[in-house]
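Colleague: As input, take target_11.cif (mmCIF, C-alpha atoms):
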data_coords
loop_
_atom_site.label_atom_id
_atom_site.label_comp_id
_atom_site.auth_asym_id
_atom_site.auth_seq_id
_atom_site.Cartn_x
_atom_site.Cartn_y
_atom_site.Cartn_z
CA MET K 1 9.99 138.29 48.69
CA MET K 2 10.26 138.00 44.90
CA ILE K 3 10.27 140.95 42.52
CA ALA K 4 9.47 140.19 38.88
CA PRO K 5 10.17 142.32 35.83
CA PRO K 6 7.06 144.34 34.86
CA TRP K 7 6.71 143.08 31.30
CA HIS K 8 4.73 139.81 31.51
CA ASP K 9 2.43 137.79 33.73
CA VAL K 10 4.04 135.15 35.96
CA PRO K 11 4.08 132.64 34.34
CA PRO K 12 3.91 134.32 30.92
CA GLN K 13 1.22 133.54 28.37
CA GLY K 14 3.82 133.31 25.61
CA TYR K 15 7.40 134.55 25.45
CA GLY K 16 9.00 135.45 28.79
CA GLY K 17 11.94 133.36 29.95
CA ILE K 18 12.54 135.23 33.21
CA GLU K 19 8.88 135.08 34.17
CA PHE K 20 8.75 131.37 33.37
CA MET K 21 11.86 130.68 35.47
CA LEU K 22 10.43 132.79 38.31
CA ALA K 23 7.16 130.85 38.31
CA GLN K 24 9.09 127.59 38.50
CA LEU K 25 11.26 128.86 41.37
CA ILE K 26 8.31 130.11 43.42
CA THR K 27 6.48 126.82 42.97
CA GLY K 28 9.57 124.88 44.00
CA LEU K 29 10.13 127.01 47.10
CA VAL K 30 6.50 126.71 48.20
CA ARG K 31 6.73 122.93 47.84
CA ARG K 32 9.70 123.10 50.21
CA GLY K 33 7.64 124.93 52.84
CA HIS K 34 8.54 128.56 52.19
CA ASP K 35 6.09 131.47 52.24
CA VAL K 36 6.61 133.63 49.17
CA THR K 37 5.30 137.06 48.27
CA LEU K 38 5.54 138.14 44.64
CA ILE K 39 5.60 141.74 43.44
CA GLY K 40 4.80 141.99 39.75
CA ALA K 41 2.51 143.22 37.00
CA GLY K 42 -0.70 141.82 35.55
CA HIS K 43 -1.77 138.40 36.78
CA THR K 44 -0.17 135.34 38.30
CA ALA K 45 -0.98 131.65 38.68
CA VAL K 46 1.78 130.84 41.18
CA PRO K 47 1.08 129.84 44.81
CA ALA K 48 2.27 133.10 46.35
CA ARG K 49 0.82 136.23 47.90
CA PHE K 50 0.66 138.69 45.01
CA LEU K 51 1.20 142.44 45.19
CA ARG K 52 0.27 143.97 41.84
CA THR K 53 2.12 146.96 40.36
CA PHE K 54 0.22 147.27 37.04
CA PRO K 55 -3.37 146.06 36.37
CA ARG K 56 -2.06 144.64 33.08
CA ALA K 57 1.53 143.83 32.25
CA PRO K 58 2.78 146.57 29.85
CA SER K 59 4.23 144.09 27.35
CA GLN K 60 3.84 146.48 24.42
CA ARG K 61 6.15 148.97 26.15
CA ILE K 62 9.19 146.70 26.47
CA GLY K 63 12.28 148.81 26.04
CA GLU K 64 10.81 151.96 27.58
CA PRO K 65 12.38 153.03 30.89
CA MET K 66 9.31 154.26 32.77
CA PRO K 67 7.55 150.92 33.47
CA GLU K 68 10.77 149.61 35.07
CA LEU K 69 11.26 152.78 37.12
CA LEU K 70 7.63 152.93 38.21
CA GLN K 71 7.64 149.29 39.29
CA ALA K 72 10.90 149.78 41.21
CA ALA K 73 9.39 152.71 43.12
CA GLN K 74 6.15 150.83 43.82
CA ALA K 75 8.02 147.71 44.94
CA HIS K 76 10.16 149.77 47.30
CA ARG K 77 7.02 151.27 48.85
CA MET K 78 5.36 147.85 49.14
CA LEU K 79 8.41 146.45 50.90
CA THR K 80 8.22 149.07 53.64
CA GLY K 81 6.92 147.41 56.77
CA LEU K 82 6.90 143.89 55.32
CA ASP K 83 8.74 141.29 57.40
CA ALA K 84 10.78 139.66 54.63
CA ASP K 85 13.84 137.51 55.33
CA ILE K 86 15.30 138.27 51.92
CA VAL K 87 14.41 140.25 48.80
CA HIS K 88 15.09 138.30 45.61
CA ASP K 89 14.96 140.74 42.71
CA HIS K 90 14.71 139.69 39.05
CA SER K 91 14.13 143.18 37.63
CA ARG K 92 16.65 145.67 36.28
CA ALA K 93 15.79 148.90 38.09
CA GLY K 94 14.67 147.32 41.38
CA PRO K 95 18.18 146.74 42.77
CA LEU K 96 18.69 150.52 42.89
CA THR K 97 16.64 150.60 46.10
CA ALA K 98 18.57 147.82 47.86
CA ALA K 99 20.92 150.14 49.77
CA ALA K 100 17.93 151.80 51.47
CA ARG K 101 17.00 148.68 53.48
CA THR K 102 18.68 146.31 55.89
CA THR K 103 17.05 143.18 54.44
CA PRO K 104 19.60 141.51 52.12
CA THR K 105 18.84 141.77 48.42
CA LEU K 106 19.73 138.89 46.12
CA VAL K 107 19.71 139.62 42.39
CA THR K 108 19.63 136.92 39.73
CA CYS K 109 21.53 138.28 36.74
CA HIS K 110 19.47 137.28 33.71
CA SER K 111 21.50 139.21 31.12
CA CYS K 112 25.08 139.29 29.90
CA PRO K 113 27.12 141.38 32.39
CA VAL K 114 29.04 143.27 29.71
CA GLY K 115 29.21 146.94 28.75
CA GLU K 116 26.74 149.13 30.63
CA PHE K 117 25.16 146.14 32.38
CA ARG K 118 28.54 145.28 33.88
CA ASP K 119 29.05 148.92 34.87
CA TYR K 120 25.61 148.97 36.49
CA TYR K 121 26.25 145.92 38.65
CA ARG K 122 29.68 147.24 39.56
CA ALA K 123 28.13 150.52 40.67
CA LEU K 124 25.68 148.64 42.91
CA GLY K 125 28.71 147.17 44.70
CA THR K 126 27.95 145.23 47.86
CA SER K 127 24.41 146.60 48.22
CA VAL K 128 23.25 143.49 46.36
CA PHE K 129 24.43 139.89 46.12
CA LEU K 130 24.50 138.45 42.62
CA VAL K 131 23.61 134.94 41.42
CA ALA K 132 24.79 133.81 38.01
CA ILE K 133 22.73 131.43 35.89
CA SER K 134 25.82 129.84 34.31
CA GLU K 135 29.57 129.79 34.79
CA ALA K 136 29.98 131.31 31.34
CA GLN K 137 27.95 134.31 32.43
CA ARG K 138 29.91 134.71 35.65
CA LEU K 139 33.24 134.64 33.82
CA LEU K 140 32.23 137.65 31.73
CA ALA K 141 32.66 139.84 34.82
CA PRO K 142 34.34 137.83 37.58
CA ASP K 143 34.91 140.88 39.77
CA LEU K 144 31.21 141.44 40.48
CA ASN K 145 29.68 140.58 43.87
CA TRP K 146 28.77 137.01 42.90
CA VAL K 147 27.75 134.64 45.69
CA ALA K 148 26.57 131.61 43.70
CA THR K 149 25.83 130.03 40.35
CA VAL K 150 22.40 128.41 40.13
CA TYR K 151 21.13 127.06 36.83
CA ASN K 152 17.62 127.88 35.68
CA ALA K 153 15.21 124.96 35.74
CA LEU K 154 11.74 123.71 34.92
CA ASP K 155 9.21 121.22 36.22
CA VAL K 156 10.14 118.29 33.99
CA ALA K 157 6.87 116.50 34.74
CA THR K 158 4.95 119.25 32.90
CA PHE K 159 6.82 118.61 29.64
CA PRO K 160 5.68 115.71 27.44
CA TYR K 161 8.30 113.08 26.68
CA ARG K 162 8.13 111.70 23.15
CA GLU K 163 10.48 109.02 21.87
CA ARG K 164 9.51 108.95 18.20
CA LYS K 165 10.18 112.23 16.42
CA GLU K 166 8.96 113.74 13.18
CA ASP K 167 11.40 114.65 10.41
CA TRP K 168 11.44 118.43 10.72
CA VAL K 169 13.46 120.81 12.89
CA LEU K 170 12.43 123.65 15.18
CA TRP K 171 13.70 127.12 15.98
CA LEU K 172 12.01 128.81 18.93
CA GLY K 173 12.87 132.16 20.48
CA ARG K 174 12.90 135.90 19.91
CA PHE K 175 13.48 137.23 16.43
CA CYS K 176 16.76 139.13 16.61
CA ASP K 177 20.18 138.78 15.02
CA TYR K 178 21.85 137.18 18.04
CA LYS K 179 19.28 134.35 18.24
CA GLY K 180 20.21 133.24 14.71
CA ALA K 181 16.89 132.30 13.10
CA HIS K 182 18.42 133.03 9.66
CA LEU K 183 21.26 130.59 10.38
CA ALA K 184 18.75 127.97 11.49
CA ILE K 185 16.86 128.32 8.19
CA ASP K 186 20.04 128.02 6.15
CA ALA K 187 21.18 124.95 8.09
CA ALA K 188 17.83 123.18 7.81
CA ARG K 189 17.69 123.92 4.10
CA ALA K 190 21.21 122.57 3.63
CA ALA K 191 20.15 119.43 5.49
CA ARG K 192 17.06 119.19 3.25
CA ARG K 193 14.65 119.28 6.13
CA ARG K 194 11.64 121.46 6.81
CA ILE K 195 11.98 123.99 9.61
CA VAL K 196 9.28 125.47 11.82
CA LEU K 197 9.89 128.93 13.32
CA ALA K 198 7.99 129.90 16.47
CA GLY K 199 9.04 133.20 17.92
CA LYS K 200 8.28 136.53 19.50
CA LEU K 201 7.72 139.28 16.96
CA VAL K 202 6.56 142.41 18.79
CA GLU K 203 9.25 145.07 19.14
CA PRO K 204 10.33 147.26 16.19
CA VAL K 205 13.84 145.77 16.24
CA GLU K 206 12.32 142.29 15.96
CA HIS K 207 10.20 143.29 12.94
CA ALA K 208 13.22 144.91 11.30
CA TYR K 209 15.29 141.74 11.71
CA PHE K 210 12.44 139.51 10.52
CA ASP K 211 11.79 141.62 7.42
CA GLN K 212 15.46 141.77 6.46
CA HIS K 213 16.69 138.27 7.31
CA VAL K 214 13.75 135.89 7.78
CA ARG K 215 10.95 136.91 5.43
CA PRO K 216 13.14 136.57 2.29
CA ARG K 217 13.99 133.02 3.38
CA LEU K 218 10.39 131.84 3.86
CA GLY K 219 9.12 129.16 1.50
CA PRO K 220 7.53 125.70 1.31
CA ASP K 221 10.26 124.30 3.57
CA VAL K 222 10.15 127.18 6.09
CA SER K 223 7.03 127.78 8.18
CA TYR K 224 6.53 130.69 10.58
CA VAL K 225 3.76 129.77 13.03
CA GLY K 226 3.82 132.85 15.27
CA GLU K 227 4.58 133.01 18.98
CA ALA K 228 3.83 129.70 20.68
CA GLY K 229 1.97 129.58 23.97
CA ALA K 230 2.82 127.11 26.70
CA GLN K 231 0.94 124.10 25.34
CA ARG K 232 1.74 124.64 21.67
CA LYS K 233 5.40 125.12 22.54
CA ARG K 234 5.43 121.76 24.29
CA ARG K 235 3.84 120.01 21.32
CA LEU K 236 6.37 121.51 18.93
CA LEU K 237 9.34 120.70 21.13
CA ALA K 238 8.22 117.10 21.65
CA ALA K 239 7.63 116.41 17.96
CA ALA K 240 10.69 118.01 16.36
CA ARG K 241 13.70 116.00 15.22
CA CYS K 242 15.88 118.55 17.01
CA LEU K 243 15.93 122.11 18.26
CA LEU K 244 18.25 124.48 16.42
CA PHE K 245 19.97 127.04 18.63
CA PRO K 246 22.57 128.86 16.46
CA ILE K 247 23.14 131.77 18.81
CA GLN K 248 25.39 134.69 17.94
CA TRP K 249 26.10 135.94 21.46
CA GLU K 250 27.31 134.72 24.84
CA GLU K 251 23.95 133.27 25.89
CA PRO K 252 23.79 133.32 29.73
CA PHE K 253 21.45 130.31 29.85
CA GLY K 254 18.79 129.58 27.21
CA MET K 255 15.66 128.03 28.73
CA VAL K 256 14.53 126.59 25.41
CA MET K 257 17.46 124.16 25.43
CA ILE K 258 16.33 122.42 28.61
CA GLU K 259 12.69 122.59 27.49
CA ALA K 260 13.61 120.69 24.35
CA MET K 261 15.71 118.07 26.14
CA ALA K 262 12.94 117.58 28.72
CA CYS K 263 10.76 116.48 25.80
CA GLY K 264 13.46 114.06 24.66
CA THR K 265 14.51 116.34 21.80
CA PRO K 266 18.24 116.95 21.23
CA VAL K 267 19.68 120.44 20.77
CA VAL K 268 21.89 121.41 17.84
CA ALA K 269 23.62 124.62 18.88
CA LEU K 270 26.63 126.82 18.46
CA ALA K 271 28.91 126.53 21.48
CA ARG K 272 28.74 130.04 22.81
CA GLY K 273 27.98 131.21 26.33
CA SER K 274 26.32 128.56 28.47
CA VAL K 275 25.71 126.05 25.68
CA PRO K 276 28.63 123.69 26.57
CA GLU K 277 27.42 123.64 30.20
CA ILE K 278 23.88 122.65 29.27
CA VAL K 279 24.22 120.40 26.21
CA VAL K 280 26.31 117.23 26.54
CA HIS K 281 28.01 117.09 23.15
CA GLY K 282 27.29 113.84 21.34
CA ARG K 283 24.72 112.67 23.93
CA THR K 284 21.97 115.28 24.35
CA GLY K 285 22.85 117.30 21.28
CA PHE K 286 25.78 118.98 19.62
CA ALA K 287 27.69 122.10 20.67
CA LEU K 288 29.44 123.27 17.53
CA HIS K 289 31.89 126.03 16.65
CA ASN K 290 30.90 126.88 13.07
CA PRO K 291 27.51 127.31 11.35
CA GLU K 292 28.81 125.10 8.53
CA GLU K 293 28.72 122.14 10.94
CA LEU K 294 25.00 122.49 11.64
CA PRO K 295 23.55 120.51 8.69
CA ASP K 296 25.55 117.36 9.48
CA ALA K 297 24.56 117.66 13.13
CA ILE K 298 20.90 117.85 12.13
CA ASP K 299 21.34 114.50 10.40
CA ALA K 300 23.21 113.03 13.39
CA ALA K 301 20.62 114.24 15.89
CA GLY K 302 18.29 111.44 14.84
CA GLU K 303 20.77 108.91 16.25
CA LEU K 304 20.73 110.37 19.79
CA ASP K 305 18.70 108.74 22.55
CA PRO K 306 15.64 110.82 23.60
CA LEU K 307 15.60 109.23 27.06
CA THR K 308 19.18 110.37 27.70
CA CYS K 309 18.05 113.93 26.95
CA ARG K 310 15.14 113.65 29.37
CA ARG K 311 17.18 112.14 32.20
CA HIS K 312 19.86 114.81 31.81
CA VAL K 313 17.29 117.51 32.50
CA GLU K 314 15.75 115.55 35.37
CA ARG K 315 19.12 115.30 37.05
CA TYR K 316 20.50 118.81 36.60
CA PHE K 317 17.71 121.16 35.55
CA ASP K 318 14.54 120.08 37.37
CA VAL K 319 12.81 122.67 39.53
CA HIS K 320 13.68 120.93 42.81
CA VAL K 321 17.40 121.24 41.99
CA MET K 322 17.05 124.98 41.39
CA ALA K 323 14.94 125.48 44.53
CA GLU K 324 17.52 123.64 46.65
CA GLY K 325 20.27 125.78 45.13
CA TYR K 326 18.54 129.05 45.96
CA GLU K 327 17.55 127.79 49.38
CA ARG K 328 21.25 127.29 50.18
CA VAL K 329 21.99 130.83 49.03
CA TYR K 330 19.18 132.26 51.18
CA GLN K 331 20.49 130.39 54.21
CA GLN K 332 23.94 131.77 53.50
CA LEU K 333 22.74 135.39 53.46
CA VAL K 334 19.95 135.58 56.03
CA PRO K 335 21.79 134.69 59.31
CA ASN K 336 24.11 137.72 59.15
CA PRO K 337 22.98 140.07 56.38
CA ALA K 338 24.94 143.05 57.69
CA ALA K 339 28.30 141.33 57.41
CA ASN K 340 28.42 141.33 53.59
CA THR K 341 30.98 138.53 53.80
CA PRO K 342 29.38 135.39 52.32
CA GLN K 343 31.54 132.85 50.56
CA ARG K 344 31.72 133.68 46.86
CA SER K 345 32.55 130.31 45.41
CA THR K 346 29.18 128.60 45.68
CA HIS K 347 28.21 126.39 42.73
CA SER K 348 24.73 125.26 43.67
CA ASN K 349 23.78 122.82 40.93
CA GLN K 350 26.77 122.28 38.70
CA ARG K 351 26.91 119.13 36.58
CA ARG K 352 30.67 119.16 36.30
#
Please render this file's structure as structure tokens.
Modeller:
Amino acid sequence: MMIAPPWHDVPPQGYGGIEFMLAQLITGLVRRGHDVTLIGAGHTAVPARFLRTFPRAPSQRIGEPMPELLQAAQAHRMLTGLDADIVHDHSRAGPLTAAARTTPTLVTCHSCPVGEFRDYYRALGTSVFLVAISEAQRLLAPDLNWVATVYNALDVATFPYRERKEDWVLWLGRFCDYKGAHLAIDAARAARRRIVLAGKLVEPVEHAYFDQHVRPRLGPDVSYVGEAGAQRKRRLLAAARCLLFPIQWEEPFGMVMIEAMACGTPVVALARGSVPEIVVHGRTGFALHNPEELPDAIDAAGELDPLTCRRHVERYFDVHVMAEGYERVYQQLVPNPAANTPQRSTHSNQRR
């Protein structure tokens, strides 16, 4: 039983990293012979039984509490009487209902477990089992009820590999200060290369950041192309000289990094959060410590081997690796869910 956040379709039409990861995981599990039921909003294209909470995903209401609370209540009602081996929850409010059932609840932590998020997961205690999506994320709150680390993944075969790149760079993500679009523009300009920006610009905080930090930097060498859907995103990622990822926070994973490398495109990033676990410095990109290093790395990215980038993702971040990792966690929890004593040192798809 999978529970999605309420904000986007699964998979999403545009931005939606959790929903994209969830679609990949469900597809991988079904390929391995599992029956999956998905509780979520809007529509889905995954091979699972679908229980709908909202006729349309309330994407315009992201940040409001009621859609999360309403979905959590509806999901709890839908679960009553269902014969599920395990509940795998990817939402924020959903885990609040875990203590009311005997079926074990696994929660993938998709955010940084700091501040109130850390306090929330601590308060849940042993009513849920937590999976980290990187070691860096797990180390932010090592006392939580972690049972495994399983990297996010994608179906590499659905991403186009391109060996010959064009001479421009790409930034792709959500417009906010901690994603660093302004730093990407400055670095590309210093490297005398055109930059394409493709990002989510919906919430008021995103518009405020864009108007203050991005719009004044637009010009002939800086193009904003809007939010990229699945196919346009792939074309951009495959064509770019490199992906710029100058994050300003402890990024727990960063799907766009493996999407770029799957296309044979190296990643030029700041080495915060999970970046050093995902990018092999000097081989699939550069994990740097200062924004001032970014322009030289943009130049050097053209010397990296696109096939090395692709094979790195095939080996460590393909959907079958993630599905196997979660399958091992499910097997660990299902035989004796009442014991609450699983081993807490599982590293299900680590590359080191």
Colleague: What do you get, as a PyMOL selection string, if you spell out every residue that the PyMOL selection byres ((chain K and resi 55) around 12) selects here?
Modeller: chain K and resi 6-9+40-44+51-54+56-59+71
Colleague: What's the separation between atom CA of Phe245 of chain K and atom CA of Tyr209 of chain K, in Å to one decimal place?
Modeller: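 Here the two named atoms are 16.9 Å from each other.
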Colleague: Would you work out the distance separating atom CA of Phe175 of chain K from atom CA of Asp211 of chain K, expressed in Å to one decimal?
Modeller: 10.2 Å
Colleague: Near Ser134 of chain K, counting only C-alpha atoms, which residues have an atom at most 7 Å away, once you skip same-chain residues fewer than 6 positions from it, shown as a PyMOL selection string?
Modeller: chain K and resi 149-151+252-253+274
Colleague: Contacts of Ala271 of chain K at 8 Å or less, counting all atoms listed in the file, minus same-chain residues fewer than 5 places along, as JSON, numbers by chain?
Modeller: {"K": [276, 287, 288, 289]}
Colleague: Hey, which of K:Ile3, K:Val196, K:Val214, K:Ile62 ends up closest to Ser91 of chain K? Count only C-alpha atoms.
Modeller: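 Distance minimum relative to Ser91 of chain K lands on K:Ile3.
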Colleague: Give as a PyMOL selection string the residues that the PyMOL selection byres ((chain K and resi 136) around 9) matches when applied to the coordinates above.
Modeller: chain K and resi 132-135+137-140+250-253+272-275+277
Colleague: Using only C-alpha atoms - which residues lie no farther than 9 Å from the point (3.9, 116.7, 24.6) in the file's frame? Write them as a list in words.
Modeller: Thr158, Phe159, Pro160, Tyr161, Arg162, Gln231, Arg232, Lys233, Arg234, Arg235, Leu236, Leu237, Ala238, Ala239 and Cys263 of chain K
Colleague: Give the answer as one residue: which of K:Gly125, K:Gly17, K:Gly264, K:Gly325 has the shortest atom-to-atom distance to Val313 of chain K, using only C-alpha atoms?
Modeller: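 Looking at the shortest contact to Val313 of chain K, the residue is K:Gly264.
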Colleague: Kindly give the distance, in Å, that separates atom CA of Asp143 of chain K and atom CA of Ala98 of chain K, rounded to a single decimal.
Modeller: 19.5 Å
Colleague: Pull out every residue that the PyMOL selection byres ((chain K and resi 320) around 10) matches in the shown coordinates and put them as a VMD selection string.
Modeller: chain K and resid 24 to 25 27 to 29 31 to 32 153 to 156 314 to 319 321 to 326
